file start-v1.cif (mmCIF, C-alpha atoms)
data_query
#
loop_
_atom_site.label_atom_id
_atom_site.label_comp_id
_atom_site.auth_asym_id
_atom_site.auth_seq_id
_atom_site.Cartn_x
_atom_site.Cartn_y
_atom_site.Cartn_z
CA MET A 115 -30.75 -4.03 -22.44
CA THR A 116 -32.54 -0.83 -21.39
CA ASN A 117 -31.75 2.50 -22.98
CA LEU A 118 -30.16 3.74 -19.76
CA GLU A 119 -27.88 0.70 -19.73
CA ARG A 120 -26.93 1.30 -23.35
CA ILE A 121 -26.17 4.95 -22.56
CA GLU A 122 -24.04 3.91 -19.59
CA ASN A 123 -22.17 1.38 -21.70
CA TYR A 124 -21.67 4.02 -24.37
CA TYR A 125 -20.10 6.38 -21.86
CA ASP A 126 -18.16 3.56 -20.16
CA HIS A 127 -16.63 2.63 -23.53
CA SER A 128 -17.93 -0.88 -23.00
CA LEU A 129 -19.88 -1.05 -26.28
CA SER A 130 -18.27 -2.80 -29.19
CA GLU A 131 -17.42 -0.71 -32.21
CA ALA A 132 -20.49 -1.99 -34.05
CA GLU A 133 -22.75 -1.34 -31.05
CA ARG A 134 -21.34 2.16 -30.68
CA GLU A 135 -21.95 2.97 -34.33
CA ALA A 136 -25.45 1.60 -34.08
CA PHE A 137 -26.11 3.66 -30.96
CA GLU A 138 -24.87 6.86 -32.55
CA ALA A 139 -26.90 6.16 -35.67
CA GLU A 140 -30.03 5.63 -33.59
CA LEU A 141 -29.45 8.93 -31.81
CA LYS A 142 -30.02 10.62 -35.18
CA SER A 143 -33.44 9.08 -35.63
CA ASN A 144 -34.76 8.30 -32.15
CA PRO A 145 -35.82 11.37 -30.14
CA ALA A 146 -36.76 9.17 -27.19
CA LEU A 147 -33.17 7.96 -26.97
CA VAL A 148 -31.90 11.56 -27.24
CA GLU A 149 -34.27 12.44 -24.43
CA GLU A 150 -32.90 9.59 -22.35
CA VAL A 151 -29.34 10.71 -23.02
CA ALA A 152 -30.29 14.21 -21.89
CA PHE A 153 -31.87 12.74 -18.76
CA TRP A 154 -28.82 10.59 -18.05
CA VAL A 155 -26.44 13.52 -18.47
CA GLN A 156 -28.58 15.69 -16.20
CA ALA A 157 -29.07 12.93 -13.67
CA ARG A 158 -25.35 12.38 -13.48
CA ALA A 159 -24.75 16.10 -13.06
CA ALA A 160 -27.47 16.20 -10.38
CA ALA A 161 -25.88 13.19 -8.63
CA GLN A 162 -22.48 14.91 -8.74
CA GLU A 163 -23.87 18.17 -7.40
CA GLU A 164 -25.87 16.43 -4.69
CA ALA A 165 -22.89 14.30 -3.69
CA LYS A 166 -20.74 17.44 -3.53
CA ALA A 167 -23.34 19.24 -1.44
CA ARG A 168 -23.46 16.31 0.96
CA ARG A 169 -19.68 16.06 1.17
CA LYS A 170 -19.50 19.80 1.78
CA SER A 171 -21.89 19.51 4.71
CA GLU A 172 -19.74 16.63 6.03
CA PHE A 173 -16.68 18.84 5.65
CA VAL A 174 -18.41 21.56 7.65
CA GLN A 175 -18.69 19.08 10.52
CA LEU A 176 -15.05 18.08 10.06
CA SER A 177 -14.08 21.73 10.04
CA LYS A 178 -15.92 22.32 13.31
CA LYS A 179 -14.17 19.33 14.87
CA ALA A 180 -10.80 20.47 13.54
CA THR A 181 -11.37 23.97 14.91
CA GLN A 182 -12.40 22.54 18.28
CA ARG A 183 -9.34 20.30 18.27
CA ASN A 184 -7.09 23.25 17.47
CA GLN A 185 -8.70 25.31 20.22
CA ARG A 186 -8.30 22.41 22.64
CA ALA A 187 -4.68 21.99 21.53
CA ILE A 188 -4.03 25.69 22.16
CA THR A 189 -5.79 25.47 25.54
CA TYR A 190 -3.77 22.37 26.49
CA ALA A 191 -0.54 23.95 25.30
CA LEU A 192 -1.28 27.11 27.27
CA SER A 193 -2.29 25.05 30.32
CA ALA A 194 0.88 22.98 30.03
CA ALA A 195 2.99 26.13 29.66
CA ALA A 196 1.20 27.73 32.62
CA SER A 197 1.72 24.56 34.71
CA ILE A 198 5.42 24.41 33.83
CA LEU A 199 5.77 28.10 34.63
CA LEU A 200 3.95 27.59 37.92
CA TYR A 201 6.17 24.63 38.86
CA LEU A 202 9.28 26.57 37.88
CA THR A 203 8.13 29.59 39.87
CA LEU A 204 7.30 27.44 42.90
CA GLY A 205 10.59 25.57 42.58
CA TRP A 206 12.52 28.81 42.26
CA TYR A 207 10.64 30.27 45.22
CA VAL A 208 11.31 27.23 47.43
CA TRP A 209 14.95 27.01 46.34
CA ASN A 210 15.50 30.72 46.75
CA ARG A 211 13.79 30.72 50.13
CA GLU A 212 15.90 27.82 51.26
CA ALA A 213 19.05 29.45 49.93
CA SER A 214 18.09 32.75 51.55
CA THR A 215 17.35 30.93 54.80
CA ASN A 216 20.76 29.23 54.73
CA MET A 217 22.44 32.50 53.88
CA ALA A 218 20.56 34.30 56.62
CA LEU A 219 21.51 31.63 59.11
CA ASN A 220 25.15 31.74 58.11
CA ASN A 221 25.26 35.52 58.18
CA GLU A 222 23.50 35.51 61.47
CA TRP A 223 25.88 32.90 62.80
CA ALA A 224 28.89 34.90 61.60
CA ASN A 225 27.42 38.10 63.04
CA ASN A 226 26.81 36.47 66.39
CA TYR A 227 30.31 35.10 66.49
CA ILE A 228 31.85 38.47 65.59
CA GLU A 229 29.69 40.35 68.12
CA LYS A 230 30.52 37.86 70.81
CA ASN A 231 34.24 37.56 70.18
CA PHE A 232 35.39 40.70 68.44
CA SER A 233 33.60 43.41 70.45
CA THR A 234 36.59 43.73 72.66
CA LEU A 235 40.06 42.33 72.28
CA THR A 236 41.79 40.51 75.04
CA THR A 237 44.51 42.60 76.70
CA GLN A 238 47.96 41.12 76.41
CA MET A 239 49.01 39.29 79.58
CA SER A 240 52.24 41.23 79.78
CA ALA A 241 50.36 44.51 79.56
CA ARG A 242 53.32 46.00 77.86
CA ASN A 243 52.96 49.47 76.64
CA ASP A 244 53.95 48.57 73.14
CA SER A 245 52.29 49.29 69.80
CA LEU A 246 50.27 46.08 69.83
CA GLN A 247 48.78 46.93 73.21
CA MET A 248 48.19 50.49 72.09
CA GLY A 249 46.26 49.22 69.13
CA ILE A 250 44.21 46.89 71.32
CA ASN A 251 43.43 49.72 73.68
CA ARG A 252 42.32 51.94 70.82
CA TYR A 253 40.19 49.09 69.52
CA ASN A 254 38.53 48.46 72.86
CA SER A 255 37.85 52.16 73.29
CA GLY A 256 36.03 52.17 69.95
CA ASP A 257 38.66 54.06 67.96
CA LEU A 258 38.87 51.45 65.24
CA PRO A 259 40.50 53.61 62.51
CA LYS A 260 43.39 54.50 64.82
CA ALA A 261 43.72 50.87 65.87
CA GLN A 262 43.89 49.90 62.19
CA VAL A 263 46.67 52.41 61.56
CA ILE A 264 48.67 51.08 64.51
CA PHE A 265 48.33 47.42 63.48
CA ASN A 266 49.23 48.21 59.89
CA GLN A 267 52.32 50.14 61.01
CA LEU A 268 53.33 47.18 63.12
CA LEU A 269 52.94 44.89 60.14
CA ALA A 270 54.92 47.25 57.97
CA ARG A 271 57.76 47.02 60.44
CA ASP A 272 57.41 43.29 61.00
CA SER A 273 55.55 41.44 58.31
CA LEU A 274 55.88 38.15 60.19
CA ASN A 275 54.04 39.40 63.26
CA ALA A 276 51.13 36.96 63.22
CA GLU A 277 49.29 38.67 66.09
CA ALA A 278 49.46 42.02 64.31
CA GLU A 279 48.22 40.36 61.10
CA LYS A 280 45.28 38.79 62.96
CA LEU A 281 44.39 42.05 64.73
CA ALA A 282 44.72 44.06 61.51
CA GLY A 283 42.29 41.59 59.92
CA ILE A 284 39.86 41.83 62.83
CA VAL A 285 39.81 45.61 62.86
CA SER A 286 39.34 45.68 59.08
CA LEU A 287 36.43 43.27 59.47
CA ARG A 288 34.84 45.46 62.11
CA LEU A 289 35.30 48.51 59.91
CA GLY A 290 33.57 46.71 57.03
CA ASP A 291 36.73 46.68 54.97
CA TYR A 292 36.15 43.05 54.06
CA ASP A 293 38.60 42.90 51.18
CA GLN A 294 41.42 44.06 53.42
CA ALA A 295 40.33 41.71 56.21
CA ILE A 296 40.27 38.76 53.81
CA LYS A 297 43.74 39.71 52.61
CA HIS A 298 45.10 39.66 56.17
CA PHE A 299 43.34 36.45 57.20
CA HIS A 300 44.30 34.68 53.99
CA HIS A 301 47.91 35.71 54.46
CA LEU A 302 47.73 34.48 58.04
CA SER A 303 46.22 31.13 56.97
CA THR A 304 49.22 30.41 54.77
CA ARG A 305 51.55 30.51 57.76
CA THR A 306 52.67 27.04 58.75
CA ASP A 307 54.93 28.06 61.60
CA LEU A 308 52.14 28.84 64.04
CA VAL A 309 50.89 26.54 66.80
CA SER A 310 47.42 27.92 66.44
CA ASN A 311 46.20 29.61 63.29
CA PRO A 312 42.66 31.07 63.08
CA GLY A 313 43.32 32.46 59.55
CA LYS A 314 40.96 30.15 57.63
CA PHE A 315 38.20 30.38 60.18
CA TYR A 316 38.30 34.19 60.23
CA GLU A 317 38.54 34.35 56.44
CA ALA A 318 35.36 32.24 56.25
CA LEU A 319 33.60 34.58 58.71
CA THR A 320 34.62 37.57 56.63
CA LEU A 321 33.46 35.95 53.39
CA LEU A 322 30.07 35.30 54.94
CA GLN A 323 29.92 38.91 55.98
CA ARG A 324 30.93 40.20 52.56
CA ASN A 325 28.34 37.96 50.89
CA LEU A 326 29.37 38.42 47.28
CA PRO A 327 28.55 35.74 44.69
CA LEU A 328 30.55 32.56 45.44
CA ASP A 329 31.60 33.92 48.87
CA LYS A 330 29.25 31.52 50.59
CA LYS A 331 30.66 28.58 48.66
CA ARG A 332 34.23 29.65 49.44
CA ALA A 333 33.32 30.10 53.13
CA GLU A 334 31.75 26.62 53.22
CA ASN A 335 34.92 25.09 51.75
CA LEU A 336 37.10 26.90 54.26
CA LEU A 337 34.87 25.89 57.18
CA LYS A 338 34.97 22.32 55.92
CA GLU A 339 38.77 22.45 55.96
CA VAL A 340 38.72 23.96 59.44
CA HIS A 341 36.38 21.26 60.70
CA GLU A 342 38.21 18.36 59.07
CA GLY A 343 41.64 19.69 60.03
CA LYS A 344 40.49 20.59 63.53
CA LEU A 345 42.03 24.01 62.98
CA GLU A 346 41.28 26.89 65.30
CA GLY A 347 37.56 27.55 65.42
CA TRP A 348 36.59 24.02 64.34
CA LYS A 349 34.37 23.55 67.40
CA GLU A 350 32.27 26.50 66.21
CA VAL A 351 31.55 24.74 62.94
CA LYS A 352 28.55 22.45 63.16
CA MET B 102 -3.01 12.84 22.76
CA PHE B 103 -4.09 14.45 19.46
CA LEU B 104 -1.11 16.75 19.90
CA PHE B 105 1.01 13.78 19.02
CA SER B 106 -1.34 12.24 16.44
CA LYS B 107 0.39 11.13 13.27
CA VAL B 108 0.01 13.36 10.22
CA LEU B 109 -0.23 11.27 7.08
CA LYS B 110 2.17 11.96 4.25
CA ASP B 111 0.70 13.12 0.96
CA ASP B 112 1.74 9.90 -0.78
CA ALA B 113 -0.25 7.85 1.71
CA ILE B 114 -3.28 10.12 1.26
CA LEU B 115 -3.08 9.88 -2.53
CA GLN B 116 -2.71 6.13 -2.35
CA GLY B 117 -5.68 5.87 0.02
CA ILE B 118 -7.92 7.98 -2.22
CA ARG B 119 -6.87 6.12 -5.35
CA ALA B 120 -7.43 2.76 -3.61
CA GLY B 121 -11.15 3.62 -3.60
CA SER B 122 -13.65 1.45 -1.78
CA THR B 123 -14.38 2.23 1.85
CA GLN B 124 -10.89 3.59 2.44
CA ARG B 125 -11.36 6.47 0.05
CA ARG B 126 -13.66 8.52 2.25
CA LEU B 127 -11.32 8.11 5.22
CA TYR B 128 -8.37 9.43 3.26
CA GLU B 129 -10.46 12.24 1.77
CA ASN B 130 -11.21 13.36 5.32
CA LYS B 131 -7.50 13.08 6.18
CA LEU B 132 -6.70 15.32 3.23
CA TYR B 133 -9.33 17.81 4.33
CA GLU B 134 -8.01 17.87 7.90
CA LYS B 135 -4.34 18.00 6.96
CA TYR B 136 -4.57 21.32 5.16
CA HIS B 137 -7.47 22.75 7.14
CA TYR B 138 -5.16 25.52 8.39
CA LEU B 139 -5.18 27.00 4.85
CA ILE B 140 -8.67 28.36 5.63
CA LYS B 141 -7.20 30.67 8.26
CA GLN B 142 -4.45 31.80 5.90
CA ALA B 143 -6.96 32.48 3.12
CA ARG B 144 -9.12 34.61 5.43
CA PHE B 145 -6.23 37.02 5.91
CA LYS B 146 -4.79 36.74 2.41
CA HIS B 147 -8.05 37.25 0.51
CA LYS B 148 -9.89 39.14 3.26
CA ILE B 149 -12.97 36.93 3.09
CA SER B 150 -15.23 35.62 5.85
CA GLU B 151 -14.50 32.33 7.58
CA ASP B 152 -17.64 30.76 6.08
CA ASP B 153 -16.61 31.80 2.57
CA ALA B 154 -13.06 30.55 3.13
CA ALA B 155 -14.34 27.22 4.51
CA SER B 156 -16.75 26.86 1.57
CA ALA B 157 -13.99 27.62 -0.96
CA TYR B 158 -11.71 25.15 0.81
CA SER B 159 -14.37 22.40 0.67
CA ASP B 160 -14.88 23.08 -3.04
CA ALA B 161 -11.14 22.98 -3.61
CA ILE B 162 -10.80 19.67 -1.74
CA LEU B 163 -13.66 18.17 -3.78
CA THR B 164 -12.05 19.30 -7.01
CA VAL B 165 -8.69 17.88 -5.96
CA ILE B 166 -10.32 14.58 -4.99
CA GLU B 167 -12.13 14.41 -8.32
CA ASN B 168 -8.90 15.11 -10.16
CA ILE B 169 -7.05 12.48 -8.16
CA VAL B 170 -9.73 9.87 -8.83
CA THR B 171 -10.04 10.66 -12.52
CA GLY B 172 -6.27 10.79 -12.97
CA ARG B 173 -6.16 14.50 -13.92
CA PHE B 174 -3.78 15.04 -11.03
CA GLU B 175 -0.69 13.17 -12.12
CA GLY B 176 1.58 14.23 -9.28
CA HIS B 177 3.77 16.60 -11.29
CA SER B 178 3.47 19.11 -8.47
CA GLU B 179 3.23 18.71 -4.73
CA LEU B 180 -0.28 17.96 -3.53
CA LYS B 181 -0.19 21.00 -1.24
CA THR B 182 0.86 23.29 -4.09
CA TYR B 183 -1.88 21.88 -6.30
CA LEU B 184 -4.52 22.26 -3.59
CA THR B 185 -3.33 25.77 -2.71
CA GLN B 186 -3.66 26.88 -6.34
CA ILE B 187 -7.16 25.49 -6.71
CA PHE B 188 -8.16 26.87 -3.31
CA SER B 189 -6.85 30.28 -4.32
CA ASN B 190 -8.94 30.15 -7.53
CA LYS B 191 -12.02 29.23 -5.51
CA CYS B 192 -11.39 32.17 -3.18
CA VAL B 193 -11.12 34.49 -6.19
CA ASP B 194 -14.43 33.07 -7.47
CA ILE B 195 -16.05 33.93 -4.15
CA ILE B 196 -14.59 37.46 -4.13
CA ARG B 197 -15.88 38.06 -7.67
CA LYS B 198 -19.24 36.62 -6.79
CA ASN B 199 -19.49 38.82 -3.71
CA THR B 200 -18.36 42.01 -5.44
CA THR B 201 -19.89 41.76 -8.91
CA ASN B 202 -22.53 39.04 -8.61
CA LYS B 203 -20.89 37.37 -11.57
CA ALA B 204 -21.10 33.66 -11.88
CA GLU B 205 -18.04 31.72 -10.87
CA VAL B 206 -15.15 31.70 -13.27
CA HIS B 207 -14.04 28.21 -12.45
CA THR B 208 -17.24 26.41 -13.24
CA ASN B 209 -18.26 23.11 -11.72
CA SER B 210 -20.17 21.88 -14.75
CA VAL B 211 -17.11 20.29 -16.30
CA GLY B 212 -18.74 16.85 -16.01
CA LEU B 213 -21.75 18.02 -17.97
CA GLU B 214 -19.60 19.47 -20.74
CA ASP B 215 -17.48 16.32 -20.83
CA ALA B 216 -20.59 14.20 -21.26
CA LEU B 217 -21.84 16.38 -24.10
CA ALA B 218 -18.49 16.51 -25.81
CA TRP B 219 -18.46 12.74 -26.01
CA LEU B 220 -21.56 12.68 -28.26
CA PRO B 221 -21.46 13.04 -32.05
CA ASP B 222 -21.73 16.69 -33.10
CA GLU B 223 -25.21 16.54 -34.53
CA THR B 224 -26.62 14.82 -31.41
CA GLN B 225 -24.65 17.04 -29.08
CA SER B 226 -26.60 20.17 -29.99
CA ALA B 227 -29.90 18.30 -29.64
CA VAL B 228 -29.03 17.06 -26.16
CA ARG B 229 -27.65 20.45 -25.18
CA LYS B 230 -30.97 22.08 -26.03
CA LEU B 231 -32.76 19.63 -23.79
CA ILE B 232 -30.56 20.38 -20.86
CA VAL B 233 -31.68 23.22 -18.66
CA GLU B 234 -29.39 23.95 -15.74
CA SER B 235 -32.33 24.61 -13.43
CA GLU B 236 -33.59 21.10 -14.16
CA ILE B 237 -30.52 19.75 -12.43
CA GLU B 238 -31.73 21.36 -9.20
CA THR B 239 -35.15 19.77 -9.74
CA LEU B 240 -33.49 16.42 -10.25
CA GLN B 241 -31.51 16.94 -7.04
CA GLN B 242 -34.80 17.48 -5.19
CA ARG B 243 -36.25 14.29 -6.71
CA LEU B 244 -33.06 12.48 -5.78
CA ARG B 245 -33.53 13.43 -2.14
CA ALA B 246 -37.04 11.96 -2.30
CA LEU B 247 -35.75 8.53 -3.34
CA GLY B 248 -35.35 5.67 -0.86
CA ASP B 249 -32.15 5.63 1.20
CA LYS B 250 -30.51 2.80 -0.69
CA CYS B 251 -31.25 4.23 -4.14
CA ARG B 252 -30.13 7.67 -3.09
CA GLU B 253 -26.88 6.33 -1.65
CA MET B 254 -26.16 4.37 -4.83
CA ILE B 255 -26.76 7.33 -7.11
CA LEU B 256 -24.73 9.66 -4.91
CA ALA B 257 -21.85 7.16 -4.83
CA TRP B 258 -22.06 7.06 -8.63
CA GLY B 259 -22.02 10.86 -8.64
CA GLU B 260 -18.89 10.81 -6.50
CA GLY B 261 -17.20 8.65 -9.11
CA TYR B 262 -17.25 5.33 -7.26
CA SER B 263 -17.17 2.38 -9.64
CA ASP B 264 -19.86 -0.28 -9.53
CA GLU B 265 -17.33 -2.65 -8.01
CA GLU B 266 -16.70 -0.19 -5.18
CA ILE B 267 -20.42 0.38 -4.76
CA ALA B 268 -20.91 -3.41 -4.59
CA GLN B 269 -18.23 -3.72 -1.88
CA THR B 270 -19.53 -0.78 0.14
CA MET B 271 -23.21 -1.64 -0.09
CA GLY B 272 -22.97 -5.39 0.14
CA TYR B 273 -23.81 -6.52 -3.40
CA ASN B 274 -22.33 -9.76 -4.63
CA THR B 275 -20.93 -8.40 -7.87
CA ALA B 276 -20.39 -5.16 -9.70
CA ALA B 277 -22.94 -6.29 -12.30
CA VAL B 278 -25.63 -6.68 -9.64
CA ALA B 279 -24.76 -3.27 -8.24
CA LYS B 280 -24.95 -1.75 -11.70
CA THR B 281 -28.37 -3.31 -12.41
CA SER B 282 -29.67 -2.01 -9.07
CA ARG B 283 -28.24 1.43 -9.72
CA LEU B 284 -29.84 1.59 -13.18
CA ARG B 285 -33.17 0.61 -11.62
CA CYS B 286 -32.72 3.49 -9.21
CA LEU B 287 -32.05 5.80 -12.14
CA GLU B 288 -35.28 4.56 -13.73
CA LYS B 289 -37.10 5.40 -10.50
CA LEU B 290 -35.59 8.87 -10.56
CA LYS B 291 -36.73 9.29 -14.14
CA GLU B 292 -40.24 8.25 -13.18
CA LYS B 293 -40.31 10.79 -10.34
CA TYR B 294 -38.97 13.46 -12.66
CA ARG B 295 -41.22 12.92 -15.67
CA PRO B 296 -44.62 13.92 -14.20
CA LEU B 297 -43.23 17.41 -13.57
CA ILE B 298 -42.66 18.00 -17.25
CA PRO B 299 -45.64 19.69 -18.95
CA ASP B 300 -47.54 17.55 -21.45
CA GLY B 301 -45.83 14.46 -20.12
CA GLY B 302 -42.54 14.94 -21.81
CA ILE B 303 -39.72 17.25 -22.78
CA LYS B 304 -40.28 19.45 -25.76
CA ILE B 305 -37.53 18.25 -27.98
CA VAL B 306 -36.05 20.54 -30.54
CA LEU B 307 -34.23 18.27 -32.88
CA PRO B 308 -31.60 19.48 -35.24
CA SER B 309 -32.46 19.34 -38.88
CA GLY B 310 -32.28 15.86 -40.28
CA ILE B 311 -33.58 14.16 -37.14
CA ARG B 312 -37.18 13.13 -37.31
CA GLY B 313 -39.11 13.38 -34.09
CA PRO B 314 -42.55 12.02 -33.12
CA ILE B 315 -44.22 15.31 -34.17
CA ASP B 316 -42.84 14.96 -37.66
CA LYS B 317 -44.22 11.50 -38.11
#
call {"tool": "encode", "arguments": {"input": "start-v1.cif", "output": "structure tokens"}}
result
Amino acid sequence: MTNLERIENYYDHSLSEAEREAFEAELKSNPALVEEVAFWVQARAAAQEEAKARRKSEFVQLSKKATQRNQRAITYALSAAASILLYLTLGWYVWNREASTNMALNNEWANNYIEKNFSTLTTQMSARNDSLQMGINRYNSGDLPKAQVIFNQLLARDSLNAEAEKLAGIVSLRLGDYDQAIKHFHHLSTRTDLVSNPGKFYEALTLLQRNLPLDKKRAENLLKEVHEGKLEGWKEVK
Amino acid sequence: MFLFSKVLKDDAILQGIRAGSTQRRLYENKLYEKYHYLIKQARFKHKISEDDAASAYSDAILTVIENIVTGRFEGHSELKTYLTQIFSNKCVDIIRKNTTNKAEVHTNSVGLEDALAWLPDETQSAVRKLIVESEIETLQQRLRALGDKCREMILAWGEGYSDEEIAQTMGYNTAAVAKTSRLRCLEKLKEKYRPLIPDGGIKIVLPSGIRGPIDK
């Protein structure tokens, strides 16, 4: 057994009690063995230091990789976020454009219909010189506020006058008083005693003109009812 | 895909390091990577450079590994808490070193002291006198000049791998064979180291009562 092996066994606790005592006794009298112990202790310390230095340089490489991975992760996360944002923006743009297009078409359609049909009112066949005819005349001459007053007075006198209700709604629509127009047309649409009732159709036109949130949806539902029920104006609904 | 890579639990890391053999290094690296973010925190907390923080972190990891392997870390605290405390001490060492040029407070030469403490008192002082810290650096240089296999064996020994683990890692049949080879490597290191010493040997100052060759 070499001295180095004995020293190792001494430190490993693998010497017997007798061998350990003998070793320690020899240390007192054998400088060469003391020198070897000193060497062994220093060699082990050197091995530990060298191993640590090597591991530290390996850790430096690991650190670089970890930093690169983190940077890549941040880049990927930012790219993913940017992609999602881009898709959302594109989606919103397409959806909004489509919605705007539909709304524009519906408004345009409603405008066209109103311009075509409500610019002038048909004169009553009887050409009576009554309030209704007076109102129509005022309307056709462009005096819409006066026509509105006349139709409203008629309605005040006879709330069941469907023609007056319809005309009051139309003049309100032309004046941009959409809330009032909707009120008249809605009231008209609830009448079940009429042979022909344009109430729902006109209410839908007015809703499209007013164009508040949910107006379009309400107009679509009304137009659907008009189309399915073949109510007045159904042929205008595509 | 690394975004979704699995982060090992501390128990698994501890088990892997304690298992030794070839697995140990893998789990050591896992430990290093898992708490790598502490470097960034330390930079701001202690206001030190990234290199200093990374160096302190590596030292802290090595100390934790050593304590896990030797059983000094018994798991009474969370691994992260334990590492954070040691890392913080290492950062303080670096700050002191940078500001006052004082040597580190938390010395690394615990192994050396342990080895000396194990000797009988009268021999301890004799060996202590023979040990010069600068000689350890010389020995490190000689170690680098050894053949690859010898160097690897001695470094594995320095890292605390047992002869059985060295045998498994380096392809020796038994731990005994690995030990014999390692001791031969130590002999080679001693041979490379000796010629540097003036007069062919170390001047030994023996404590009173020990008779050296000069006294004969």
call {"tool": "atom_distance", "arguments": {"input": "start-v1.cif", "atom1": "CA of Arg332 (chain A)", "atom2": "CA of Thr320 (chain A)"}}
result
10.7 Å
call {"tool": "resolve_selection", "arguments": {"input": "start-v1.cif", "expression": "the PyMOL selection byres ((chain A) within 8 of (chain B))", "output": "MDAnalysis selection string"}}
result
chainID A and resid 118:119 125 138 141:145 148:149 151:153 155:166 170 173:174 176:177 180 183 187
call {"tool": "atom_distance", "arguments": {"input": "start-v1.cif", "atom1": "CA of Thr234 (chain A)", "atom2": "CA of Asn254 (chain A)"}}
result
5.1 Å
call {"tool": "atom_distance", "arguments": {"input": "start-v1.cif", "atom1": "CA of Gly313 (chain A)", "atom2": "CA of His301 (chain A)"}}
result
7.6 Å
call {"tool": "residues_around", "arguments": {"input": "start-v1.cif", "residues": "Thr236 (chain A)", "least_positions_apart": "4", "cutoff": "12 Å", "atoms": "all atoms listed in the file", "output": "PyMOL selection string"}}
result
chain A and resi 231-232+240-241+246-247+249-251+253-254+277+281
call {"tool": "closest_residue", "arguments": {"input": "start-v1.cif", "among": "A:Gln294, A:Asn210, A:Asn335, A:Thr189", "to": "Lys314 (chain A)", "atoms": "all atoms listed in the file"}}
result
A:Asn335
call {"tool": "residues_near_point", "arguments": {"input": "start-v1.cif", "point": "(-11.6, 3.9, 0.2)", "cutoff": "12 Å", "atoms": "only C-alpha atoms", "output": "list in words"}}
result
Ile114, Leu115, Gln116, Gly117, Ile118, Arg119, Ala120, Gly121, Ser122, Thr123, Gln124, Arg125, Arg126, Leu127, Tyr128, Glu129, Asn130, Lys131, Ile166, Val170, Ala257, Gly261, Tyr262, Ser263, Glu265, Glu266, Ile267, Gln269 and Thr270 of chain B
call {"tool": "closest_residue", "arguments": {"input": "start-v1.cif", "among": "B:Leu132, B:Ala161, B:Gly172, B:Ala154", "to": "Ile196 (chain B)", "atoms": "all atoms listed in the file"}}
result
B:Ala154
call {"tool": "resolve_selection", "arguments": {"input": "start-v1.cif", "expression": "the PyMOL selection byres ((chain B and resi 180-191) around 7)", "output": "JSON, numbers by chain"}}
result
{"B": [111, 157, 158, 161, 165, 178, 179, 192, 193, 194, 195]}
call {"tool": "closest_residue", "arguments": {"input": "start-v1.cif", "among": "A:Ile121, A:Ala261, A:Ala196, A:Leu319", "to": "Leu147 (chain A)", "atoms": "all atoms listed in the file"}}
result
A:Ile121
call {"tool": "closest_residue", "arguments": {"input": "start-v1.cif", "among": "B:Gln142, B:Thr201, B:Asp264, B:Ala218", "to": "Ala276 (chain B)", "atoms": "all atoms listed in the file"}}
result
B:Asp264
